[in-house]
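Student: entry11.txt is reproduced in full below (compact mmCIF, N, CA and C atoms).
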# COMPACT_ATOMS: atom_id res chain seq x y z
N SER U 23 -17.10 -6.75 -15.32
CA SER U 23 -17.73 -7.33 -14.15
C SER U 23 -16.74 -7.36 -13.00
N TYR U 24 -17.24 -7.41 -11.81
CA TYR U 24 -16.42 -7.44 -10.60
C TYR U 24 -15.46 -8.63 -10.61
N PHE U 25 -15.88 -9.74 -11.19
CA PHE U 25 -15.09 -10.96 -11.15
C PHE U 25 -14.17 -11.14 -12.36
N ALA U 26 -14.13 -10.18 -13.28
CA ALA U 26 -13.32 -10.33 -14.48
C ALA U 26 -11.84 -10.46 -14.15
N GLN U 27 -11.36 -9.65 -13.24
CA GLN U 27 -9.95 -9.69 -12.88
C GLN U 27 -9.78 -10.48 -11.58
N VAL U 28 -8.84 -11.42 -11.59
CA VAL U 28 -8.58 -12.24 -10.41
C VAL U 28 -8.02 -11.35 -9.31
N LYS U 29 -8.57 -11.50 -8.12
CA LYS U 29 -8.11 -10.74 -6.96
C LYS U 29 -7.48 -11.73 -5.98
N PRO U 30 -6.14 -11.81 -5.96
CA PRO U 30 -5.47 -12.80 -5.10
C PRO U 30 -5.94 -12.73 -3.65
N GLY U 31 -6.17 -13.89 -3.08
CA GLY U 31 -6.56 -13.99 -1.68
C GLY U 31 -8.04 -13.79 -1.41
N VAL U 32 -8.81 -13.38 -2.42
CA VAL U 32 -10.23 -13.14 -2.23
C VAL U 32 -10.98 -14.47 -2.31
N LYS U 33 -11.89 -14.69 -1.38
CA LYS U 33 -12.77 -15.85 -1.38
C LYS U 33 -14.19 -15.34 -1.56
N VAL U 34 -15.00 -16.09 -2.28
CA VAL U 34 -16.39 -15.72 -2.52
C VAL U 34 -17.26 -16.78 -1.85
N TYR U 35 -18.14 -16.34 -0.96
CA TYR U 35 -19.06 -17.22 -0.26
C TYR U 35 -20.47 -16.85 -0.67
N ALA U 36 -21.25 -17.85 -1.06
CA ALA U 36 -22.61 -17.55 -1.53
C ALA U 36 -23.57 -18.66 -1.15
N CYS U 37 -24.80 -18.26 -0.93
CA CYS U 37 -25.89 -19.17 -0.68
C CYS U 37 -27.07 -18.65 -1.48
N GLY U 38 -27.74 -19.54 -2.19
CA GLY U 38 -28.87 -19.05 -2.96
C GLY U 38 -29.39 -20.07 -3.93
N PRO U 39 -30.27 -19.62 -4.81
CA PRO U 39 -30.86 -20.54 -5.79
C PRO U 39 -29.85 -20.95 -6.86
N ALA U 40 -30.13 -22.05 -7.51
CA ALA U 40 -29.22 -22.63 -8.50
C ALA U 40 -28.78 -21.65 -9.59
N PRO U 41 -29.67 -20.83 -10.18
CA PRO U 41 -29.21 -19.92 -11.23
C PRO U 41 -28.18 -18.90 -10.73
N LEU U 42 -28.34 -18.41 -9.52
CA LEU U 42 -27.37 -17.47 -8.95
C LEU U 42 -26.02 -18.15 -8.78
N LEU U 43 -26.02 -19.35 -8.22
CA LEU U 43 -24.78 -20.06 -7.98
C LEU U 43 -24.10 -20.45 -9.29
N ALA U 44 -24.88 -20.83 -10.29
CA ALA U 44 -24.31 -21.15 -11.60
C ALA U 44 -23.65 -19.92 -12.22
N ALA U 45 -24.28 -18.76 -12.09
CA ALA U 45 -23.70 -17.52 -12.62
C ALA U 45 -22.40 -17.19 -11.91
N LEU U 46 -22.36 -17.39 -10.61
CA LEU U 46 -21.12 -17.14 -9.86
C LEU U 46 -20.02 -18.12 -10.26
N GLU U 47 -20.39 -19.39 -10.44
CA GLU U 47 -19.40 -20.38 -10.88
C GLU U 47 -18.80 -19.98 -12.22
N ASP U 48 -19.64 -19.51 -13.14
CA ASP U 48 -19.15 -19.04 -14.44
C ASP U 48 -18.26 -17.82 -14.28
N ALA U 49 -18.67 -16.88 -13.43
CA ALA U 49 -17.95 -15.62 -13.26
C ALA U 49 -16.55 -15.81 -12.67
N VAL U 50 -16.38 -16.80 -11.79
CA VAL U 50 -15.07 -17.01 -11.17
C VAL U 50 -14.39 -18.28 -11.68
N GLY U 51 -14.85 -18.81 -12.80
CA GLY U 51 -14.28 -20.03 -13.36
C GLY U 51 -12.80 -19.93 -13.67
N HIS U 52 -12.31 -18.72 -13.95
CA HIS U 52 -10.90 -18.51 -14.27
C HIS U 52 -10.07 -18.17 -13.03
N TRP U 53 -10.70 -18.11 -11.87
CA TRP U 53 -10.01 -17.84 -10.61
C TRP U 53 -9.38 -19.14 -10.09
N PRO U 54 -8.49 -19.05 -9.11
CA PRO U 54 -7.89 -20.27 -8.55
C PRO U 54 -8.95 -21.22 -8.00
N PRO U 55 -8.66 -22.53 -8.03
CA PRO U 55 -9.61 -23.50 -7.47
C PRO U 55 -9.92 -23.16 -6.02
N ASP U 56 -11.11 -23.48 -5.61
CA ASP U 56 -11.58 -23.29 -4.23
C ASP U 56 -11.73 -21.83 -3.83
N THR U 57 -11.85 -20.93 -4.81
CA THR U 57 -12.15 -19.53 -4.51
C THR U 57 -13.61 -19.40 -4.10
N LEU U 58 -14.49 -20.11 -4.79
CA LEU U 58 -15.92 -20.01 -4.55
C LEU U 58 -16.37 -21.10 -3.59
N HIS U 59 -17.07 -20.68 -2.55
CA HIS U 59 -17.65 -21.61 -1.57
C HIS U 59 -19.15 -21.35 -1.55
N VAL U 60 -19.92 -22.40 -1.84
CA VAL U 60 -21.37 -22.21 -1.94
C VAL U 60 -22.11 -23.11 -0.97
N GLU U 61 -23.30 -22.67 -0.64
CA GLU U 61 -24.24 -23.48 0.11
C GLU U 61 -25.53 -23.48 -0.69
N ARG U 62 -26.01 -24.67 -1.00
CA ARG U 62 -27.18 -24.80 -1.86
C ARG U 62 -28.44 -25.08 -1.04
N PHE U 63 -29.56 -24.63 -1.57
CA PHE U 63 -30.85 -24.95 -0.96
C PHE U 63 -31.24 -26.39 -1.27
N LYS U 64 -30.77 -26.87 -2.43
CA LYS U 64 -31.13 -28.20 -2.92
C LYS U 64 -29.92 -28.76 -3.67
N ALA U 65 -29.64 -30.04 -3.47
CA ALA U 65 -28.51 -30.66 -4.14
C ALA U 65 -28.73 -30.74 -5.64
N ARG U 66 -27.64 -30.66 -6.39
CA ARG U 66 -27.72 -30.84 -7.83
C ARG U 66 -27.97 -32.31 -8.13
N PRO U 67 -28.60 -32.62 -9.26
CA PRO U 67 -28.82 -34.02 -9.61
C PRO U 67 -27.50 -34.77 -9.73
N GLN U 68 -27.48 -36.01 -9.25
CA GLN U 68 -26.29 -36.85 -9.31
C GLN U 68 -26.42 -37.85 -10.45
N GLY U 69 -25.36 -38.66 -10.63
CA GLY U 69 -25.39 -39.69 -11.66
C GLY U 69 -26.52 -40.66 -11.43
N SER U 70 -26.90 -41.36 -12.47
CA SER U 70 -28.02 -42.30 -12.36
C SER U 70 -27.55 -43.61 -11.73
N ALA U 71 -28.49 -44.36 -11.23
CA ALA U 71 -28.20 -45.65 -10.61
C ALA U 71 -27.55 -46.61 -11.60
N GLU U 72 -27.82 -46.43 -12.90
CA GLU U 72 -27.21 -47.31 -13.90
C GLU U 72 -25.70 -47.16 -13.92
N GLU U 73 -25.19 -45.99 -13.51
CA GLU U 73 -23.75 -45.76 -13.49
C GLU U 73 -23.10 -46.39 -12.27
N ASP U 74 -23.89 -46.68 -11.25
CA ASP U 74 -23.37 -47.24 -10.01
C ASP U 74 -23.02 -48.71 -10.19
N LYS U 75 -21.99 -49.12 -9.51
CA LYS U 75 -21.61 -50.52 -9.45
C LYS U 75 -21.71 -50.93 -7.98
N PRO U 76 -21.99 -52.19 -7.71
CA PRO U 76 -21.97 -52.63 -6.32
C PRO U 76 -20.59 -52.38 -5.71
N VAL U 77 -20.57 -52.06 -4.44
CA VAL U 77 -19.31 -51.81 -3.76
C VAL U 77 -19.31 -52.51 -2.41
N GLU U 78 -18.19 -53.10 -2.06
CA GLU U 78 -18.02 -53.72 -0.76
C GLU U 78 -17.50 -52.65 0.20
N VAL U 79 -18.20 -52.47 1.31
CA VAL U 79 -17.80 -51.49 2.31
C VAL U 79 -17.43 -52.22 3.58
N VAL U 80 -16.16 -52.12 3.94
CA VAL U 80 -15.67 -52.71 5.17
C VAL U 80 -15.77 -51.63 6.23
N CYS U 81 -16.54 -51.91 7.25
CA CYS U 81 -16.75 -50.96 8.35
C CYS U 81 -15.82 -51.39 9.48
N ARG U 82 -14.66 -50.76 9.52
CA ARG U 82 -13.60 -51.21 10.42
C ARG U 82 -14.00 -51.13 11.89
N ALA U 83 -14.58 -50.03 12.31
CA ALA U 83 -14.89 -49.85 13.74
C ALA U 83 -15.90 -50.88 14.24
N SER U 84 -16.86 -51.25 13.40
CA SER U 84 -17.90 -52.19 13.83
C SER U 84 -17.58 -53.63 13.45
N GLY U 85 -16.55 -53.82 12.61
CA GLY U 85 -16.17 -55.17 12.21
C GLY U 85 -17.12 -55.82 11.21
N LYS U 86 -17.94 -55.01 10.55
CA LYS U 86 -18.90 -55.55 9.59
C LYS U 86 -18.49 -55.19 8.16
N THR U 87 -18.85 -56.07 7.23
CA THR U 87 -18.66 -55.80 5.81
C THR U 87 -20.04 -55.81 5.16
N VAL U 88 -20.31 -54.78 4.38
CA VAL U 88 -21.62 -54.59 3.78
C VAL U 88 -21.45 -54.45 2.27
N THR U 89 -22.26 -55.18 1.50
CA THR U 89 -22.27 -54.99 0.06
C THR U 89 -23.37 -53.98 -0.26
N VAL U 90 -22.96 -52.91 -0.92
CA VAL U 90 -23.90 -51.85 -1.29
C VAL U 90 -24.25 -52.04 -2.76
N PRO U 91 -25.51 -52.39 -3.06
CA PRO U 91 -25.89 -52.60 -4.46
C PRO U 91 -26.02 -51.29 -5.22
N ALA U 92 -26.01 -51.37 -6.53
CA ALA U 92 -26.24 -50.20 -7.38
C ALA U 92 -27.60 -49.60 -7.02
N GLY U 93 -27.67 -48.29 -7.02
CA GLY U 93 -28.93 -47.62 -6.76
C GLY U 93 -29.27 -47.46 -5.29
N ARG U 94 -28.39 -47.89 -4.41
CA ARG U 94 -28.62 -47.77 -2.97
C ARG U 94 -27.47 -46.98 -2.37
N SER U 95 -27.75 -46.14 -1.39
CA SER U 95 -26.68 -45.35 -0.79
C SER U 95 -25.89 -46.18 0.21
N VAL U 96 -24.64 -45.80 0.40
CA VAL U 96 -23.81 -46.43 1.42
C VAL U 96 -24.49 -46.25 2.78
N LEU U 97 -25.01 -45.07 3.03
CA LEU U 97 -25.69 -44.78 4.29
C LEU U 97 -26.83 -45.77 4.55
N ASP U 98 -27.71 -45.95 3.59
CA ASP U 98 -28.84 -46.86 3.78
C ASP U 98 -28.38 -48.29 4.00
N ALA U 99 -27.38 -48.72 3.25
CA ALA U 99 -26.91 -50.11 3.37
C ALA U 99 -26.26 -50.37 4.72
N VAL U 100 -25.45 -49.44 5.21
CA VAL U 100 -24.81 -49.69 6.50
C VAL U 100 -25.82 -49.56 7.64
N GLU U 101 -26.80 -48.69 7.49
CA GLU U 101 -27.86 -48.61 8.51
C GLU U 101 -28.65 -49.91 8.56
N ASP U 102 -28.93 -50.50 7.38
CA ASP U 102 -29.64 -51.78 7.35
C ASP U 102 -28.83 -52.88 8.05
N ALA U 103 -27.51 -52.72 8.06
CA ALA U 103 -26.64 -53.70 8.72
C ALA U 103 -26.51 -53.41 10.22
N GLY U 104 -27.23 -52.41 10.71
CA GLY U 104 -27.23 -52.11 12.13
C GLY U 104 -26.17 -51.11 12.59
N ILE U 105 -25.56 -50.42 11.65
CA ILE U 105 -24.53 -49.43 11.99
C ILE U 105 -25.17 -48.05 11.97
N ARG U 106 -25.13 -47.38 13.10
CA ARG U 106 -25.75 -46.06 13.21
C ARG U 106 -24.80 -45.00 12.68
N VAL U 107 -25.31 -44.16 11.77
CA VAL U 107 -24.54 -43.06 11.20
C VAL U 107 -25.37 -41.79 11.35
N PRO U 108 -24.80 -40.74 11.95
CA PRO U 108 -25.55 -39.48 12.01
C PRO U 108 -25.83 -38.99 10.60
N ALA U 109 -27.05 -38.61 10.32
CA ALA U 109 -27.42 -38.12 8.99
C ALA U 109 -28.64 -37.23 9.10
N SER U 110 -28.61 -36.11 8.39
CA SER U 110 -29.75 -35.20 8.42
C SER U 110 -30.37 -35.02 7.05
N CYS U 111 -29.59 -34.49 6.11
CA CYS U 111 -30.19 -34.09 4.82
C CYS U 111 -30.33 -35.23 3.83
N ARG U 112 -29.41 -36.19 3.86
CA ARG U 112 -29.37 -37.32 2.91
C ARG U 112 -29.26 -36.87 1.45
N SER U 113 -28.71 -35.68 1.25
CA SER U 113 -28.52 -35.19 -0.13
C SER U 113 -27.15 -34.55 -0.34
N GLY U 114 -26.22 -34.74 0.60
CA GLY U 114 -24.85 -34.26 0.42
C GLY U 114 -24.65 -32.78 0.66
N LEU U 115 -25.48 -32.20 1.54
CA LEU U 115 -25.38 -30.77 1.81
C LEU U 115 -24.99 -30.41 3.23
N CYS U 116 -25.26 -31.27 4.21
CA CYS U 116 -25.21 -30.81 5.60
C CYS U 116 -23.98 -31.20 6.40
N CYS U 117 -23.19 -32.13 5.98
CA CYS U 117 -21.95 -32.56 6.67
C CYS U 117 -22.14 -33.57 7.79
N SER U 118 -23.34 -33.89 8.20
CA SER U 118 -23.50 -34.73 9.39
C SER U 118 -23.04 -36.16 9.21
N CYS U 119 -23.02 -36.69 8.00
CA CYS U 119 -22.63 -38.09 7.79
C CYS U 119 -21.18 -38.24 7.33
N GLU U 120 -20.38 -37.21 7.55
CA GLU U 120 -18.97 -37.27 7.15
C GLU U 120 -18.30 -38.47 7.80
N THR U 121 -17.59 -39.26 6.98
CA THR U 121 -16.99 -40.51 7.43
C THR U 121 -15.55 -40.59 6.92
N ALA U 122 -14.64 -41.02 7.78
CA ALA U 122 -13.24 -41.17 7.38
C ALA U 122 -13.10 -42.37 6.45
N VAL U 123 -12.34 -42.17 5.38
CA VAL U 123 -12.03 -43.24 4.43
C VAL U 123 -10.63 -43.74 4.78
N LEU U 124 -10.54 -45.02 5.12
CA LEU U 124 -9.27 -45.62 5.51
C LEU U 124 -8.56 -46.28 4.34
N ASP U 125 -9.34 -46.75 3.36
CA ASP U 125 -8.76 -47.36 2.16
C ASP U 125 -9.80 -47.33 1.05
N GLY U 126 -9.33 -47.27 -0.19
CA GLY U 126 -10.22 -47.17 -1.34
C GLY U 126 -10.35 -45.72 -1.78
N VAL U 127 -11.03 -45.55 -2.90
CA VAL U 127 -11.19 -44.20 -3.47
C VAL U 127 -12.66 -43.87 -3.59
N PRO U 128 -13.12 -42.86 -2.87
CA PRO U 128 -14.53 -42.48 -2.96
C PRO U 128 -14.86 -41.77 -4.26
N ASP U 129 -16.11 -41.88 -4.65
CA ASP U 129 -16.68 -41.12 -5.76
C ASP U 129 -17.49 -40.00 -5.11
N HIS U 130 -16.86 -38.85 -4.95
CA HIS U 130 -17.48 -37.74 -4.23
C HIS U 130 -18.65 -37.16 -5.01
N ARG U 131 -19.83 -37.17 -4.40
CA ARG U 131 -21.03 -36.63 -5.04
C ARG U 131 -21.71 -35.58 -4.16
N ASP U 132 -20.97 -35.11 -3.18
CA ASP U 132 -21.50 -34.13 -2.24
C ASP U 132 -21.34 -32.71 -2.79
N GLU U 133 -21.89 -31.76 -2.08
CA GLU U 133 -21.79 -30.34 -2.41
C GLU U 133 -20.96 -29.62 -1.36
N ILE U 134 -20.12 -30.36 -0.64
CA ILE U 134 -19.43 -29.80 0.52
C ILE U 134 -17.93 -29.67 0.31
N LEU U 135 -17.27 -30.74 -0.09
CA LEU U 135 -15.81 -30.75 -0.16
C LEU U 135 -15.27 -29.86 -1.26
N SER U 136 -14.13 -29.24 -0.98
CA SER U 136 -13.43 -28.45 -1.99
C SER U 136 -12.66 -29.39 -2.92
N THR U 137 -12.09 -28.86 -3.96
CA THR U 137 -11.31 -29.66 -4.90
C THR U 137 -10.14 -30.35 -4.19
N ASP U 138 -9.43 -29.61 -3.36
CA ASP U 138 -8.30 -30.19 -2.63
C ASP U 138 -8.76 -31.25 -1.64
N GLU U 139 -9.87 -31.01 -0.97
CA GLU U 139 -10.39 -32.00 -0.03
C GLU U 139 -10.83 -33.27 -0.74
N ARG U 140 -11.41 -33.13 -1.92
CA ARG U 140 -11.78 -34.31 -2.70
C ARG U 140 -10.55 -35.12 -3.10
N ALA U 141 -9.51 -34.41 -3.51
CA ALA U 141 -8.29 -35.07 -3.96
C ALA U 141 -7.62 -35.86 -2.84
N ALA U 142 -7.80 -35.43 -1.60
CA ALA U 142 -7.20 -36.14 -0.47
C ALA U 142 -7.82 -37.52 -0.27
N ASN U 143 -9.09 -37.69 -0.65
CA ASN U 143 -9.80 -38.98 -0.54
C ASN U 143 -9.72 -39.59 0.86
N ASP U 144 -9.70 -38.74 1.89
CA ASP U 144 -9.60 -39.26 3.25
C ASP U 144 -10.92 -39.17 4.02
N ARG U 145 -11.97 -38.69 3.35
CA ARG U 145 -13.30 -38.63 3.96
C ARG U 145 -14.34 -38.56 2.86
N MET U 146 -15.57 -38.91 3.23
CA MET U 146 -16.66 -38.87 2.26
C MET U 146 -17.97 -38.67 3.01
N PHE U 147 -18.99 -38.34 2.26
CA PHE U 147 -20.33 -38.19 2.81
C PHE U 147 -21.15 -39.36 2.29
N VAL U 148 -21.41 -40.32 3.19
CA VAL U 148 -21.98 -41.60 2.81
C VAL U 148 -23.44 -41.53 2.38
N CYS U 149 -24.08 -40.37 2.56
CA CYS U 149 -25.48 -40.26 2.13
C CYS U 149 -25.60 -40.22 0.61
N VAL U 150 -24.57 -39.69 -0.08
CA VAL U 150 -24.66 -39.57 -1.54
C VAL U 150 -23.45 -40.14 -2.28
N SER U 151 -22.29 -40.13 -1.65
CA SER U 151 -21.08 -40.56 -2.34
C SER U 151 -20.97 -42.07 -2.39
N ARG U 152 -20.27 -42.56 -3.40
CA ARG U 152 -20.08 -44.00 -3.57
C ARG U 152 -18.60 -44.30 -3.66
N ALA U 153 -18.19 -45.19 -4.54
CA ALA U 153 -16.78 -45.58 -4.64
C ALA U 153 -16.34 -45.65 -6.09
N ARG U 154 -15.11 -45.30 -6.32
CA ARG U 154 -14.47 -45.48 -7.63
C ARG U 154 -13.73 -46.82 -7.66
N THR U 155 -13.55 -47.41 -6.51
CA THR U 155 -12.89 -48.72 -6.38
C THR U 155 -13.95 -49.73 -5.94
N PRO U 156 -13.72 -51.02 -6.17
CA PRO U 156 -14.73 -52.02 -5.80
C PRO U 156 -14.88 -52.19 -4.29
N ARG U 157 -13.97 -51.60 -3.51
CA ARG U 157 -13.98 -51.79 -2.05
C ARG U 157 -13.58 -50.50 -1.37
N LEU U 158 -14.29 -50.19 -0.30
CA LEU U 158 -13.95 -49.05 0.57
C LEU U 158 -13.81 -49.57 1.99
N VAL U 159 -12.85 -49.04 2.71
CA VAL U 159 -12.74 -49.30 4.14
C VAL U 159 -13.03 -47.98 4.83
N LEU U 160 -14.09 -47.99 5.64
CA LEU U 160 -14.54 -46.77 6.31
C LEU U 160 -14.45 -46.91 7.82
N ASP U 161 -14.33 -45.80 8.49
CA ASP U 161 -14.26 -45.78 9.95
C ASP U 161 -15.66 -45.74 10.52
N LEU U 162 -16.40 -46.82 10.33
CA LEU U 162 -17.77 -46.95 10.84
C LEU U 162 -17.87 -48.17 11.74
Just dump the structure as structure tokens.
Tutor:
Amino acid sequence: SYFAQVKPGVKVYACGPAPLLAALEDAVGHWPPDTLHVERFKARPQGSAEEDKPVEVVCRASGKTVTVPAGRSVLDAVEDAGIRVPASCRSGLCCSCETAVLDGVPDHRDEILSTDERAANDRMFVCVSRARTPRLVLDL
């Protein structure tokens, strides 16, 4: 197959249905991280609400603190508190709700960030991502 041998410096960009993207992920699984960049028509299923824990979100720019219950998105909770956040897809695909993380560790559930970008933990997509820590400080 074309992807059997690693080709240094080559990046693979793809957009398409889930089976195509899954086949590409398998084909380049032995390549360096962040070789494959995909755009999905539909987000992959995320963890269930039972896995979520409530998280305290400190919105530094607005001076508000919001408790986000299990099963509710950070985006919905901060909007309910009167904080406007640009958002389009609400499924972790479009980038419009990207928010700077000032403190805490996000639980990245988006389809956008690369492995290295996730490891930096300096931004998150509040429409789908949550927290690995009980508290997040965001630039909202």
Student: Rounded to one decimal place, report the atom CA of Thr121 of chain U-atom C of Leu43 of chain U distance in Å.
Tutor: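 Atom CA of Thr121 of chain U sits 27.1 Å away from atom C of Leu43 of chain U.
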Student: Given only N, CA and C atoms as the basis, pick out the residue of U:Met146, U:Cys116, U:Val34, U:Ala83 nearest to His130 of chain U.
Tutor: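 Answer, going by the shortest atom-to-atom distance: U:Met146.
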Student: Compare U:Trp53, U:Phe147, U:Tyr35, U:Phe25 by their minimum atom-to-atom distance to Gly114 of chain U, counting all atoms listed in the file, and give me the closest one.
Tutor: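 The closest residue to Gly114 of chain U is U:Phe147.
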Student: Which distance in Å separates atom CA of Pro156 of chain U and atom CA of Ala92 of chain U, to one decimal?
Tutor: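 A separation of 11.8 Å between them.
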Student: Calculate how many Å separate atom N of Ala142 of chain U from atom CA of Cys119 of chain U, rounding to one decimal.
Tutor: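 Separating atom N of Ala142 of chain U from atom CA of Cys119 of chain U is a distance of 17.8 Å.
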Student: Given the block above, output segment 38-60 of chain U with N, CA, C and O atoms as an mmCIF file, in the first residue's frame.
Tutor:
data_model
loop_
_atom_site.group_PDB
_atom_site.id
_atom_site.type_symbol
_atom_site.label_atom_id
_atom_site.label_comp_id
_atom_site.auth_asym_id
_atom_site.auth_seq_id
_atom_site.Cartn_x
_atom_site.Cartn_y
_atom_site.Cartn_z
ATOM 1 N N GLY U 38 -13.952 13.273 4.656
ATOM 2 C CA GLY U 38 -14.827 12.262 4.092
ATOM 3 C C GLY U 38 -15.605 11.519 5.139
ATOM 4 O O GLY U 38 -15.585 11.878 6.324
ATOM 5 N N PRO U 39 -16.260 10.453 4.715
ATOM 6 C CA PRO U 39 -17.076 9.664 5.647
ATOM 7 C C PRO U 39 -16.205 8.882 6.630
ATOM 8 O O PRO U 39 -15.020 8.625 6.384
ATOM 9 N N ALA U 40 -16.806 8.501 7.731
ATOM 10 C CA ALA U 40 -16.099 7.821 8.821
ATOM 11 C C ALA U 40 -15.316 6.589 8.373
ATOM 12 O O ALA U 40 -14.171 6.413 8.789
ATOM 13 N N PRO U 41 -15.866 5.700 7.524
ATOM 14 C CA PRO U 41 -15.089 4.522 7.135
ATOM 15 C C PRO U 41 -13.794 4.869 6.379
ATOM 16 O O PRO U 41 -12.759 4.240 6.586
ATOM 17 N N LEU U 42 -13.843 5.885 5.539
ATOM 18 C CA LEU U 42 -12.640 6.313 4.821
ATOM 19 C C LEU U 42 -11.598 6.831 5.799
ATOM 20 O O LEU U 42 -10.422 6.464 5.738
ATOM 21 N N LEU U 43 -12.019 7.678 6.727
ATOM 22 C CA LEU U 43 -11.082 8.249 7.681
ATOM 23 C C LEU U 43 -10.515 7.184 8.616
ATOM 24 O O LEU U 43 -9.337 7.225 8.970
ATOM 25 N N ALA U 44 -11.337 6.219 9.006
ATOM 26 C CA ALA U 44 -10.849 5.119 9.848
ATOM 27 C C ALA U 44 -9.799 4.303 9.103
ATOM 28 O O ALA U 44 -8.778 3.916 9.679
ATOM 29 N N ALA U 45 -10.019 4.042 7.826
ATOM 30 C CA ALA U 45 -9.044 3.292 7.022
ATOM 31 C C ALA U 45 -7.731 4.066 6.914
ATOM 32 O O ALA U 45 -6.643 3.476 7.010
ATOM 33 N N LEU U 46 -7.813 5.363 6.734
ATOM 34 C CA LEU U 46 -6.595 6.186 6.674
ATOM 35 C C LEU U 46 -5.867 6.193 8.011
ATOM 36 O O LEU U 46 -4.640 6.112 8.060
ATOM 37 N N GLU U 47 -6.622 6.293 9.105
ATOM 38 C CA GLU U 47 -5.993 6.256 10.434
ATOM 39 C C GLU U 47 -5.240 4.953 10.633
ATOM 40 O O GLU U 47 -4.123 4.940 11.155
ATOM 41 N N ASP U 48 -5.839 3.843 10.213
ATOM 42 C CA ASP U 48 -5.168 2.542 10.304
ATOM 43 C C ASP U 48 -3.933 2.496 9.412
ATOM 44 O O ASP U 48 -2.883 1.997 9.812
ATOM 45 N N ALA U 49 -4.053 3.022 8.195
ATOM 46 C CA ALA U 49 -2.962 2.948 7.222
ATOM 47 C C ALA U 49 -1.732 3.746 7.650
ATOM 48 O O ALA U 49 -0.605 3.357 7.359
ATOM 49 N N VAL U 50 -1.933 4.866 8.354
ATOM 50 C CA VAL U 50 -0.793 5.692 8.761
ATOM 51 C C VAL U 50 -0.538 5.612 10.270
ATOM 52 O O VAL U 50 0.202 6.424 10.815
ATOM 53 N N GLY U 51 -1.105 4.620 10.928
ATOM 54 C CA GLY U 51 -0.942 4.468 12.375
ATOM 55 C C GLY U 51 0.505 4.341 12.816
ATOM 56 O O GLY U 51 0.854 4.710 13.929
ATOM 57 N N HIS U 52 1.369 3.827 11.944
ATOM 58 C CA HIS U 52 2.786 3.650 12.277
ATOM 59 C C HIS U 52 3.634 4.860 11.860
ATOM 60 O O HIS U 52 4.826 4.888 12.078
ATOM 61 N N TRP U 53 2.999 5.875 11.288
ATOM 62 C CA TRP U 53 3.693 7.102 10.896
ATOM 63 C C TRP U 53 3.843 8.011 12.113
ATOM 64 O O TRP U 53 3.186 7.808 13.133
ATOM 65 N N PRO U 54 4.666 9.052 12.020
ATOM 66 C CA PRO U 54 4.813 9.977 13.158
ATOM 67 C C PRO U 54 3.475 10.608 13.545
ATOM 68 O O PRO U 54 2.602 10.794 12.687
ATOM 69 N N PRO U 55 3.326 10.955 14.829
ATOM 70 C CA PRO U 55 2.087 11.613 15.265
ATOM 71 C C PRO U 55 1.839 12.874 14.448
ATOM 72 O O PRO U 55 2.764 13.535 14.005
ATOM 73 N N ASP U 56 0.594 13.187 14.262
ATOM 74 C CA ASP U 56 0.155 14.398 13.555
ATOM 75 C C ASP U 56 0.475 14.394 12.066
ATOM 76 O O ASP U 56 0.519 15.439 11.434
ATOM 77 N N THR U 57 0.701 13.208 11.494
ATOM 78 C CA THR U 57 0.866 13.098 10.045
ATOM 79 C C THR U 57 -0.487 13.265 9.360
ATOM 80 O O THR U 57 -0.592 13.930 8.340
ATOM 81 N N LEU U 58 -1.521 12.663 9.938
ATOM 82 C CA LEU U 58 -2.850 12.681 9.343
ATOM 83 C C LEU U 58 -3.674 13.826 9.925
ATOM 84 O O LEU U 58 -3.790 13.973 11.138
ATOM 85 N N HIS U 59 -4.240 14.623 9.037
ATOM 86 C CA HIS U 59 -5.129 15.721 9.423
ATOM 87 C C HIS U 59 -6.460 15.481 8.731
ATOM 88 O O HIS U 59 -6.508 15.371 7.514
ATOM 89 N N VAL U 60 -7.521 15.362 9.530
ATOM 90 C CA VAL U 60 -8.822 15.032 8.947
ATOM 91 C C VAL U 60 -9.859 16.089 9.264
ATOM 92 O O VAL U 60 -9.751 16.824 10.247
#
